[in-house]
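Novice: coords-v1.pdb is reproduced below (PDB, C-alpha atoms).
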```
ATOM      1  CA  MET I   1     -11.573  14.971-134.923  1.00  0.00           C
ATOM      2  CA  LYS I   2     -10.122  13.288-131.867  1.00  0.00           C
ATOM      3  CA  SER I   3     -12.496  14.471-129.177  1.00  0.00           C
ATOM      4  CA  LYS I   4     -12.970  12.612-125.923  1.00  0.00           C
ATOM      5  CA  LEU I   5     -16.187  10.628-126.278  1.00  0.00           C
ATOM      6  CA  CYS I   6     -18.528   9.478-123.563  1.00  0.00           C
ATOM      7  CA  GLY I   7     -22.036   8.087-123.410  1.00  0.00           C
ATOM      8  CA  GLN I   8     -24.094   4.921-123.461  1.00  0.00           C
ATOM      9  CA  PRO I   9     -22.590   1.734-124.904  1.00  0.00           C
ATOM     10  CA  SER I  10     -23.634   0.855-128.442  1.00  0.00           C
ATOM     11  CA  THR I  11     -22.187  -2.648-128.526  1.00  0.00           C
ATOM     12  CA  THR I  12     -23.073  -6.164-127.524  1.00  0.00           C
ATOM     13  CA  GLU I  13     -20.429  -8.229-125.767  1.00  0.00           C
ATOM     14  CA  LEU I  14     -19.051 -10.968-127.989  1.00  0.00           C
ATOM     15  CA  SER I  15     -16.233 -13.461-127.527  1.00  0.00           C
ATOM     16  CA  SER I  16     -13.639 -11.422-129.423  1.00  0.00           C
ATOM     17  CA  PRO I  17     -13.195  -7.929-130.909  1.00  0.00           C
ATOM     18  CA  TYR I  18     -12.950  -9.441-134.389  1.00  0.00           C
ATOM     19  CA  GLU I  19     -16.205 -11.359-133.949  1.00  0.00           C
ATOM     20  CA  TRP I  20     -17.824  -8.083-132.910  1.00  0.00           C
ATOM     21  CA  LEU I  21     -16.331  -6.318-135.943  1.00  0.00           C
ATOM     22  CA  LEU I  22     -17.625  -8.956-138.337  1.00  0.00           C
ATOM     23  CA  GLN I  23     -21.096  -8.589-136.814  1.00  0.00           C
ATOM     24  CA  PHE I  24     -20.803  -4.804-137.201  1.00  0.00           C
ATOM     25  CA  VAL I  25     -19.953  -5.143-140.897  1.00  0.00           C
ATOM     26  CA  THR I  26     -22.832  -7.546-141.548  1.00  0.00           C
ATOM     27  CA  PHE I  27     -25.334  -5.364-139.684  1.00  0.00           C
ATOM     28  CA  PHE I  28     -24.475  -2.087-141.362  1.00  0.00           C
ATOM     29  CA  ARG I  29     -24.073  -3.535-144.839  1.00  0.00           C
ATOM     30  CA  LYS I  30     -27.701  -4.676-144.605  1.00  0.00           C
ATOM     31  CA  LEU I  31     -28.589  -1.016-144.022  1.00  0.00           C
ATOM     32  CA  GLY I  32     -26.712   0.023-147.168  1.00  0.00           C
ATOM     33  CA  PHE I  33     -23.524   1.319-145.615  1.00  0.00           C
ATOM     34  CA  PHE I  34     -20.061   0.993-147.195  1.00  0.00           C
ATOM     35  CA  PRO I  35     -21.244   0.747-150.829  1.00  0.00           C
ATOM     36  CA  GLU I  36     -17.809   1.849-152.046  1.00  0.00           C
ATOM     37  CA  TYR I  37     -16.416  -1.426-150.689  1.00  0.00           C
ATOM     38  CA  ALA I  38     -18.980  -3.629-152.442  1.00  0.00           C
ATOM     39  CA  ALA I  39     -16.216  -5.700-154.040  1.00  0.00           C
ATOM     40  CA  LEU I  40     -14.890  -6.756-150.632  1.00  0.00           C
ATOM     41  CA  SER I  41     -16.182  -9.704-148.624  1.00  0.00           C
ATOM     42  CA  ASP I  42     -17.373  -9.081-145.069  1.00  0.00           C
ATOM     43  CA  ASP I  43     -14.061 -10.433-143.791  1.00  0.00           C
ATOM     44  CA  GLU I  44     -12.039  -8.198-146.129  1.00  0.00           C
ATOM     45  CA  LEU I  45     -14.053  -5.130-145.176  1.00  0.00           C
ATOM     46  CA  ALA I  46     -13.629  -5.936-141.483  1.00  0.00           C
ATOM     47  CA  ARG I  47      -9.852  -6.129-141.969  1.00  0.00           C
ATOM     48  CA  LYS I  48      -9.919  -2.877-143.934  1.00  0.00           C
ATOM     49  CA  LEU I  49     -11.791  -1.041-141.169  1.00  0.00           C
ATOM     50  CA  GLU I  50      -9.499  -2.559-138.576  1.00  0.00           C
ATOM     51  CA  SER I  51      -6.483  -1.184-140.427  1.00  0.00           C
ATOM     52  CA  LEU I  52      -8.019   2.261-140.975  1.00  0.00           C
ATOM     53  CA  HIS I  53      -8.938   2.540-137.304  1.00  0.00           C
ATOM     54  CA  GLU I  54      -5.527   1.466-136.043  1.00  0.00           C
ATOM     55  CA  ASN I  55      -3.737   3.873-138.394  1.00  0.00           C
ATOM     56  CA  GLU I  56      -5.974   6.763-137.302  1.00  0.00           C
ATOM     57  CA  TRP I  57      -6.023   6.178-133.555  1.00  0.00           C
ATOM     58  CA  GLY I  58      -2.912   4.070-132.908  1.00  0.00           C
ATOM     59  CA  GLU I  59      -4.902   1.423-131.049  1.00  0.00           C
ATOM     60  CA  ARG I  60      -6.973  -1.703-131.643  1.00  0.00           C
ATOM     61  CA  ILE I  61     -10.736  -1.581-132.062  1.00  0.00           C
ATOM     62  CA  ASP I  62     -12.437  -1.668-128.669  1.00  0.00           C
ATOM     63  CA  PRO I  63     -16.031  -2.952-128.833  1.00  0.00           C
ATOM     64  CA  GLN I  64     -16.648  -1.437-125.395  1.00  0.00           C
ATOM     65  CA  ASN I  65     -15.966   2.084-126.672  1.00  0.00           C
ATOM     66  CA  PRO I  66     -19.431   3.663-126.469  1.00  0.00           C
ATOM     67  CA  PHE I  67     -18.968   5.352-129.845  1.00  0.00           C
ATOM     68  CA  ILE I  68     -17.224   2.598-131.752  1.00  0.00           C
ATOM     69  CA  ASP I  69     -20.092   2.373-134.279  1.00  0.00           C
ATOM     70  CA  LEU I  70     -19.624   6.036-135.157  1.00  0.00           C
ATOM     71  CA  LEU I  71     -15.839   5.810-135.282  1.00  0.00           C
ATOM     72  CA  LEU I  72     -16.017   3.026-137.853  1.00  0.00           C
ATOM     73  CA  LEU I  73     -18.932   4.420-139.859  1.00  0.00           C
ATOM     74  CA  ARG I  74     -17.084   7.689-140.399  1.00  0.00           C
ATOM     75  CA  TRP I  75     -15.078   5.836-143.055  1.00  0.00           C
ATOM     76  CA  ASP I  76     -18.235   5.668-145.160  1.00  0.00           C
ATOM     77  CA  LYS I  77     -18.135   9.132-146.702  1.00  0.00           C
ATOM     78  CA  THR I  78     -21.163   8.304-148.876  1.00  0.00           C
ATOM     79  CA  ARG I  79     -23.492   7.971-145.875  1.00  0.00           C
ATOM     80  CA  VAL I  80     -21.979   9.816-142.925  1.00  0.00           C
ATOM     81  CA  TRP I  81     -21.246  13.470-142.138  1.00  0.00           C
ATOM     82  CA  TRP I  82     -19.312  13.839-138.883  1.00  0.00           C
ATOM     83  CA  GLU I  83     -17.709  17.226-138.557  1.00  0.00           C
ATOM     84  CA  ASP I  84     -16.828  19.882-136.013  1.00  0.00           C
ATOM     85  CA  THR I  85     -19.586  22.498-135.853  1.00  0.00           C
ATOM     86  CA  GLU I  86     -16.929  25.111-135.076  1.00  0.00           C
ATOM     87  CA  ALA I  87     -16.233  25.603-138.763  1.00  0.00           C
ATOM     88  CA  ASP I  88     -15.060  29.200-139.263  1.00  0.00           C
ATOM     89  CA  VAL I  89     -18.567  30.301-140.157  1.00  0.00           C
ATOM     90  CA  CYS I  90     -18.501  33.852-141.483  1.00  0.00           C
ATOM     91  CA  ARG I  91     -19.775  35.887-144.400  1.00  0.00           C
ATOM     92  CA  GLU I  92     -16.678  35.314-146.511  1.00  0.00           C
ATOM     93  CA  ASN I  93     -16.375  31.532-146.071  1.00  0.00           C
ATOM     94  CA  LYS I  94     -19.847  30.464-147.299  1.00  0.00           C
ATOM     95  CA  VAL I  95     -19.827  27.529-144.888  1.00  0.00           C
ATOM     96  CA  TYR I  96     -23.588  26.935-145.165  1.00  0.00           C
ATOM     97  CA  THR I  97     -23.321  26.644-148.940  1.00  0.00           C
ATOM     98  CA  GLN I  98     -20.600  24.031-148.582  1.00  0.00           C
ATOM     99  CA  THR I  99     -22.412  22.222-145.783  1.00  0.00           C
ATOM    100  CA  LEU I 100     -25.641  21.845-147.789  1.00  0.00           C
ATOM    101  CA  GLN I 101     -23.634  20.386-150.655  1.00  0.00           C
ATOM    102  CA  GLU I 102     -21.949  17.937-148.267  1.00  0.00           C
ATOM    103  CA  TRP I 103     -25.292  16.902-146.756  1.00  0.00           C
ATOM    104  CA  ALA I 104     -26.661  16.353-150.251  1.00  0.00           C
ATOM    105  CA  SER I 105     -23.738  14.026-150.963  1.00  0.00           C
ATOM    106  CA  ILE I 106     -24.746  11.678-148.099  1.00  0.00           C
ATOM    107  CA  SER I 107     -28.487  11.702-148.891  1.00  0.00           C
ATOM    108  CA  ASN I 108     -28.424   8.982-151.555  1.00  0.00           C
ATOM    109  CA  GLY I 109     -30.271  11.313-153.914  1.00  0.00           C
ATOM    110  CA  THR I 110     -33.017  12.320-151.469  1.00  0.00           C
ATOM    111  CA  PHE I 111     -31.800  15.897-150.950  1.00  0.00           C
ATOM    112  CA  ILE I 112     -30.587  17.691-154.085  1.00  0.00           C
ATOM    113  CA  PRO I 113     -30.507  21.456-153.477  1.00  0.00           C
ATOM    114  CA  GLU I 114     -29.862  23.650-156.506  1.00  0.00           C
ATOM    115  CA  HIS I 115     -28.845  27.286-156.920  1.00  0.00           C
ATOM    116  CA  ILE I 116     -27.683  27.632-153.314  1.00  0.00           C
ATOM    117  CA  GLN I 117     -27.115  31.226-152.203  1.00  0.00           C
ATOM    118  CA  GLU I 118     -25.883  32.431-148.818  1.00  0.00           C
ATOM    119  CA  LYS I 119     -26.435  36.069-147.872  1.00  0.00           C
ATOM    120  CA  TRP I 120     -25.382  37.984-144.759  1.00  0.00           C
ATOM    121  CA  GLU I 121     -26.659  41.458-143.906  1.00  0.00           C
ATOM    122  CA  ASP I 122     -23.456  42.113-141.996  1.00  0.00           C
ATOM    123  CA  GLU I 123     -20.740  40.063-140.320  1.00  0.00           C
ATOM    124  CA  HIS I 124     -23.136  39.013-137.530  1.00  0.00           C
ATOM    125  CA  GLY I 125     -26.102  38.293-139.753  1.00  0.00           C
ATOM    126  CA  PRO I 126     -28.983  37.962-140.167  1.00  0.00           C
ATOM    127  CA  ILE I 127     -28.138  35.061-142.458  1.00  0.00           C
ATOM    128  CA  THR I 128     -30.391  33.835-145.264  1.00  0.00           C
ATOM    129  CA  VAL I 129     -29.646  30.678-147.219  1.00  0.00           C
ATOM    130  CA  THR I 130     -31.817  29.994-150.248  1.00  0.00           C
ATOM    131  CA  PHE I 131     -31.906  27.039-152.596  1.00  0.00           C
ATOM    132  CA  THR I 132     -34.217  25.394-155.098  1.00  0.00           C
ATOM    133  CA  TYR I 133     -35.615  21.965-154.303  1.00  0.00           C
ATOM    134  CA  HIS I 134     -38.022  20.274-156.720  1.00  0.00           C
ATOM    135  CA  GLN I 135     -38.589  23.660-158.415  1.00  0.00           C
ATOM    136  CA  GLN I 136     -39.531  25.351-155.128  1.00  0.00           C
ATOM    137  CA  GLU I 137     -37.438  28.037-153.487  1.00  0.00           C
ATOM    138  CA  ILE I 138     -36.588  27.197-149.878  1.00  0.00           C
ATOM    139  CA  GLN I 139     -35.283  29.707-147.359  1.00  0.00           C
ATOM    140  CA  LEU I 140     -33.238  28.911-144.271  1.00  0.00           C
ATOM    141  CA  HIS I 141     -32.403  31.397-141.539  1.00  0.00           C
ATOM    142  CA  PRO I 142     -29.468  30.044-139.523  1.00  0.00           C
ATOM    143  CA  HIS I 143     -28.788  31.758-136.235  1.00  0.00           C
ATOM    144  CA  TYR I 144     -25.462  33.522-135.911  1.00  0.00           C
ATOM    145  CA  LEU I 145     -23.442  31.411-133.450  1.00  0.00           C
ATOM    146  CA  ASP I 146     -20.016  33.024-133.767  1.00  0.00           C
ATOM    147  CA  ASP I 147     -18.092  30.605-135.991  1.00  0.00           C
ATOM    148  CA  TYR I 148     -20.319  27.562-135.325  1.00  0.00           C
ATOM    149  CA  ILE I 149     -22.768  25.934-137.745  1.00  0.00           C
ATOM    150  CA  ASP I 150     -26.405  26.186-136.661  1.00  0.00           C
ATOM    151  CA  ILE I 151     -27.363  22.503-136.899  1.00  0.00           C
ATOM    152  CA  ASP I 152     -31.023  23.387-136.250  1.00  0.00           C
ATOM    153  CA  ILE I 153     -31.412  24.096-139.966  1.00  0.00           C
ATOM    154  CA  LEU I 154     -31.761  20.322-140.351  1.00  0.00           C
ATOM    155  CA  LEU I 155     -35.394  20.636-139.244  1.00  0.00           C
ATOM    156  CA  PRO I 156     -36.630  22.771-142.175  1.00  0.00           C
ATOM    157  CA  ILE I 157     -34.412  20.789-144.549  1.00  0.00           C
ATOM    158  CA  ASN I 158     -36.022  17.521-143.416  1.00  0.00           C
ATOM    159  CA  HIS I 159     -39.406  19.155-143.929  1.00  0.00           C
ATOM    160  CA  CYS I 160     -38.599  19.449-147.659  1.00  0.00           C
ATOM    161  CA  PHE I 161     -38.762  15.680-148.143  1.00  0.00           C
ATOM    162  CA  ARG I 162     -41.003  14.729-145.228  1.00  0.00           C
ATOM    163  CA  HIS I 163     -43.154  12.492-147.491  1.00  0.00           C
ATOM    164  CA  SER I 164     -40.169  10.370-148.537  1.00  0.00           C
ATOM    165  CA  GLY I 165     -40.019   8.505-145.219  1.00  0.00           C
ATOM    166  CA  LYS I 166     -36.399   9.590-144.806  1.00  0.00           C
ATOM    167  CA  GLU I 167     -34.658  12.197-142.723  1.00  0.00           C
ATOM    168  CA  PHE I 168     -31.268  13.522-141.802  1.00  0.00           C
ATOM    169  CA  ALA I 169     -30.919  11.935-138.357  1.00  0.00           C
ATOM    170  CA  LEU I 170     -28.671  13.691-135.854  1.00  0.00           C
ATOM    171  CA  TYR I 171     -26.957  11.644-133.179  1.00  0.00           C
ATOM    172  CA  GLU I 172     -27.472  13.064-129.695  1.00  0.00           C
ATOM    173  CA  ALA I 173     -24.816  15.701-128.923  1.00  0.00           C
ATOM    174  CA  PHE I 174     -21.800  14.517-126.960  1.00  0.00           C
ATOM    175  CA  ASP I 175     -19.279  17.220-127.919  1.00  0.00           C
ATOM    176  CA  GLN I 176     -19.155  20.085-130.427  1.00  0.00           C
ATOM    177  CA  THR I 177     -19.169  17.773-133.430  1.00  0.00           C
ATOM    178  CA  ALA I 178     -22.304  16.624-135.256  1.00  0.00           C
ATOM    179  CA  PHE I 179     -22.861  13.092-136.564  1.00  0.00           C
ATOM    180  CA  ILE I 180     -25.506  13.047-139.292  1.00  0.00           C
ATOM    181  CA  VAL I 181     -26.791  10.223-141.475  1.00  0.00           C
ATOM    182  CA  MET I 182     -29.788   9.829-143.794  1.00  0.00           C
ATOM    183  CA  LEU I 183     -32.170   7.162-142.446  1.00  0.00           C
ATOM    184  CA  THR I 184     -35.680   5.853-142.873  1.00  0.00           C
ATOM    185  CA  SER I 185     -37.848   5.766-139.751  1.00  0.00           C
ATOM    186  CA  GLU I 186     -37.451   1.971-139.680  1.00  0.00           C
ATOM    187  CA  GLU I 187     -33.646   2.207-139.877  1.00  0.00           C
ATOM    188  CA  LYS I 188     -33.620   4.812-137.138  1.00  0.00           C
ATOM    189  CA  GLN I 189     -35.713   2.616-134.862  1.00  0.00           C
ATOM    190  CA  LYS I 190     -33.537  -0.406-135.620  1.00  0.00           C
ATOM    191  CA  LEU I 191     -30.385   1.484-134.688  1.00  0.00           C
ATOM    192  CA  HIS I 192     -32.011   2.699-131.493  1.00  0.00           C
ATOM    193  CA  ASN I 193     -33.264  -0.748-130.493  1.00  0.00           C
ATOM    194  CA  GLU I 194     -30.387  -2.958-131.593  1.00  0.00           C
ATOM    195  CA  ARG I 195     -27.326  -0.672-131.403  1.00  0.00           C
ATOM    196  CA  LYS I 196     -28.548   1.598-128.591  1.00  0.00           C
ATOM    197  CA  TRP I 197     -28.088   4.739-130.687  1.00  0.00           C
ATOM    198  CA  ARG I 198     -29.445   7.934-129.169  1.00  0.00           C
ATOM    199  CA  PHE I 199     -30.801  10.557-131.536  1.00  0.00           C
ATOM    200  CA  ALA I 200     -31.303  14.262-130.969  1.00  0.00           C
ATOM    201  CA  THR I 201     -34.860  15.566-130.981  1.00  0.00           C
ATOM    202  CA  MET I 202     -35.392  18.079-133.771  1.00  0.00           C
TER
END
```
Show how you would write the structure in this file as structure tokens.
Specialist:
Amino acid sequence: MKSKLCGQPSTTELSSPYEWLLQFVTFFRKLGFFPEYAALSDDELARKLESLHENEWGERIDPQNPFIDLLLLRWDKTRVWWEDTEADVCRENKVYTQTLQEWASISNGTFIPEHIQEKWEDEHGPITVTFTYHQQEIQLHPHYLDDYIDIDILLPINHCFRHSGKEFALYEAFDQTAFIVMLTSEEKQKLHNERKWRFATM
């Protein structure tokens, strides 16, 4: 997923890239990110992310990259789903079934769909995805978008747990990928105010 990224900066100028990275680690750990690295100190986690980023992209971390937050958070597979929406969606591949399972895995237990079924009337739809959530059957009707995932199904999914104070938040589109993370309304506002994140309206 090495798309060209552009948009509004999400960083605050600091005296050095490493100082920025340490601030990044501290900030996002307070929001519950990177739980799989709980045994590492902030300094050790910063070095780990630095190494992962350099191995992936062949360059040092640039705090002025407008999407540097996202590029580093993608290493937290427990909280972040960042994938290409062009995903070979078709009747045979059951991409919506897989996608719901992947979204459940980043929900920290908020979204647990059971008995997921994906049905297509023909190769162009209509498509019906059903699942059980808290003993209620939920139906989704994704639009057929060639081989792209219809991300708009996030809206009825969020409606399932609207009283929890959490939602799958979608970062504002900047290419054909989708960056999704489970957040409370307070966390979402904090990211908007302090990290200049821009969220899609759903």
Novice: Which is closer to I:Phe24 than all the others in I:Thr201, I:Asp88, I:Arg195, I:Asp146, using all atoms listed in the file?
Specialist: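 Closest to I:Phe24, using all atoms listed in the file: I:Arg195.
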Novice: Quick one: pull the distance between atom CA of I:Ser185 and atom CA of I:Ala200, Å, one decimal.
Specialist: 13.9 Å
Novice: Quick one: of I:Glu36, I:Glu19, I:Glu167, I:Glu172, who's nearest to I:Leu70, counting only C-alpha atoms?
Specialist: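 With only C-alpha atoms as the atom set, the closest residue is I:Glu172.
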Novice: Can you list what the PyMOL selection byres ((chain I and resi 199) around 10) grabs from this structure, as a list in words?
Specialist: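 The output of the PyMOL selection byres ((chain I and resi 199) around 10) on this file is Ala169, Leu170, Tyr171, Glu172, Ala173, Phe179, Ile180, Lys188, Gln189, Leu191, His192, Lys196, Trp197, Arg198, Ala200, Thr201 and Met202 of chain I.
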Novice: Could you give me, as a count of residues only, the residues within 12 Å of I:Ala178, counting all atoms listed in the file and dropping anything in the same chain fewer than 2 positions from it?
Specialist: 33
Novice: For I:Glu137, find every residue with an atom within 10 Å (counting all atoms listed in the file), except residues of its own chain fewer than 4 positions away, and show them as a ChimeraX atom specification.
Specialist: /I:113-116,130-133
Novice: Quick check on the file I pasted: which residues fall under the PyMOL selection byres ((chain I and resi 46-57) around 8)? Write them as a list of chain:residue names.
Specialist: I:Tyr18, I:Leu21, I:Leu22, I:Val25, I:Asp42, I:Asp43, I:Glu44, I:Leu45, I:Gly58, I:Glu59, I:Arg60, I:Ile61, I:Leu71, I:Leu72, I:Trp75
Novice: Taking all atoms listed in the file into account, which of I:Val95, I:Lys166, I:His143, I:Pro156 comes nearest I:Pro126?
Specialist: I:His143
Novice: What gap, in Å, lies between atom CA of I:Phe111 and atom CA of I:Phe27?
Specialist: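 Between these atoms lies a distance of 24.9 Å.
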Novice: One decimal, in Å: what's the spacing between atom CA of I:Phe161 and atom CA of I:Tyr144?
Specialist: 25.4 Å
Novice: Pick out the residues sitting within 10 Å of I:Phe28, and hand them over as a ChimeraX atom specification; count all atoms listed in the file, and ignore anything fewer than 5 positions along from it in its own chain.
Specialist: /I:23,33-34,69,73,191
Novice: May I have the residues from that selection written out with C-alpha atoms, as a JSON list (two decimals), in the coordinates of the input?
Specialist:
```
[["chain", "number", "residue", "atom", "x", "y", "z"],
["I", 23, "GLN", "CA", -21.10, -8.59, -136.81],
["I", 33, "PHE", "CA", -23.52, 1.32, -145.62],
["I", 34, "PHE", "CA", -20.06, 0.99, -147.20],
["I", 69, "ASP", "CA", -20.09, 2.37, -134.28],
["I", 73, "LEU", "CA", -18.93, 4.42, -139.86],
["I", 191, "LEU", "CA", -30.38, 1.48, -134.69]]
```
Novice: Please complete stretch 99-127 of chain I so it has N, CA and C atoms, and hand it over as a short mmCIF file (atom, residue, chain, number, x, y, z; two decimals), in the frame of the given file.
Specialist:
```
data_model
loop_
_atom_site.label_atom_id
_atom_site.label_comp_id
_atom_site.auth_asym_id
_atom_site.auth_seq_id
_atom_site.Cartn_x
_atom_site.Cartn_y
_atom_site.Cartn_z
N THR I 99 -21.80 23.24 -146.63
CA THR I 99 -22.41 22.22 -145.78
C THR I 99 -23.63 21.60 -146.45
N LEU I 100 -24.48 22.40 -147.08
CA LEU I 100 -25.64 21.84 -147.79
C LEU I 100 -25.20 20.91 -148.91
N GLN I 101 -24.14 21.25 -149.60
CA GLN I 101 -23.63 20.39 -150.66
C GLN I 101 -23.12 19.07 -150.07
N GLU I 102 -22.46 19.15 -148.92
CA GLU I 102 -21.95 17.94 -148.27
C GLU I 102 -23.10 17.07 -147.76
N TRP I 103 -24.14 17.69 -147.21
CA TRP I 103 -25.29 16.90 -146.76
C TRP I 103 -25.99 16.25 -147.94
N ALA I 104 -26.07 16.94 -149.05
CA ALA I 104 -26.66 16.35 -150.25
C ALA I 104 -25.88 15.11 -150.68
N SER I 105 -24.58 15.14 -150.51
CA SER I 105 -23.74 14.03 -150.96
C SER I 105 -23.94 12.76 -150.14
N ILE I 106 -24.50 12.87 -148.93
CA ILE I 106 -24.75 11.68 -148.10
C ILE I 106 -26.22 11.29 -148.09
N SER I 107 -27.03 11.92 -148.94
CA SER I 107 -28.49 11.70 -148.89
C SER I 107 -28.96 10.62 -149.84
N ASN I 108 -28.06 10.03 -150.59
CA ASN I 108 -28.42 8.98 -151.56
C ASN I 108 -29.49 9.47 -152.53
N GLY I 109 -29.36 10.74 -152.93
CA GLY I 109 -30.27 11.31 -153.91
C GLY I 109 -31.56 11.88 -153.37
N THR I 110 -31.77 11.80 -152.05
CA THR I 110 -33.02 12.32 -151.47
C THR I 110 -33.03 13.84 -151.43
N PHE I 111 -31.89 14.44 -151.10
CA PHE I 111 -31.80 15.90 -150.95
C PHE I 111 -30.84 16.43 -152.02
N ILE I 112 -31.42 17.13 -153.01
CA ILE I 112 -30.59 17.69 -154.08
C ILE I 112 -30.92 19.18 -154.20
N PRO I 113 -30.26 20.01 -153.39
CA PRO I 113 -30.51 21.46 -153.48
C PRO I 113 -29.79 22.06 -154.69
N GLU I 114 -30.45 22.98 -155.35
CA GLU I 114 -29.86 23.65 -156.51
C GLU I 114 -29.85 25.15 -156.27
N HIS I 115 -28.93 25.82 -156.96
CA HIS I 115 -28.84 27.29 -156.92
C HIS I 115 -28.74 27.81 -155.47
N ILE I 116 -27.85 27.23 -154.72
CA ILE I 116 -27.68 27.63 -153.31
C ILE I 116 -27.06 29.02 -153.25
N GLN I 117 -27.66 29.89 -152.43
CA GLN I 117 -27.12 31.23 -152.20
C GLN I 117 -27.11 31.51 -150.71
N GLU I 118 -26.05 32.11 -150.25
CA GLU I 118 -25.88 32.43 -148.82
C GLU I 118 -25.63 33.93 -148.69
N LYS I 119 -26.53 34.61 -148.00
CA LYS I 119 -26.44 36.07 -147.87
C LYS I 119 -26.40 36.48 -146.40
N TRP I 120 -25.53 37.42 -146.10
CA TRP I 120 -25.38 37.98 -144.76
C TRP I 120 -25.64 39.48 -144.85
N GLU I 121 -26.45 40.01 -143.93
CA GLU I 121 -26.66 41.46 -143.91
C GLU I 121 -25.42 42.18 -143.43
N ASP I 122 -24.76 41.62 -142.42
CA ASP I 122 -23.46 42.11 -142.00
C ASP I 122 -22.70 40.93 -141.40
N GLU I 123 -21.59 41.17 -140.78
CA GLU I 123 -20.74 40.06 -140.32
C GLU I 123 -21.36 39.25 -139.20
N HIS I 124 -22.43 39.75 -138.57
CA HIS I 124 -23.14 39.01 -137.53
C HIS I 124 -24.54 38.59 -137.97
N GLY I 125 -24.79 38.66 -139.25
CA GLY I 125 -26.10 38.29 -139.75
C GLY I 125 -27.04 39.48 -139.81
N PRO I 126 -28.34 39.26 -139.96
CA PRO I 126 -28.98 37.96 -140.17
C PRO I 126 -28.47 37.23 -141.42
N ILE I 127 -28.61 35.92 -141.38
CA ILE I 127 -28.14 35.06 -142.46
C ILE I 127 -29.36 34.46 -143.17
#
```
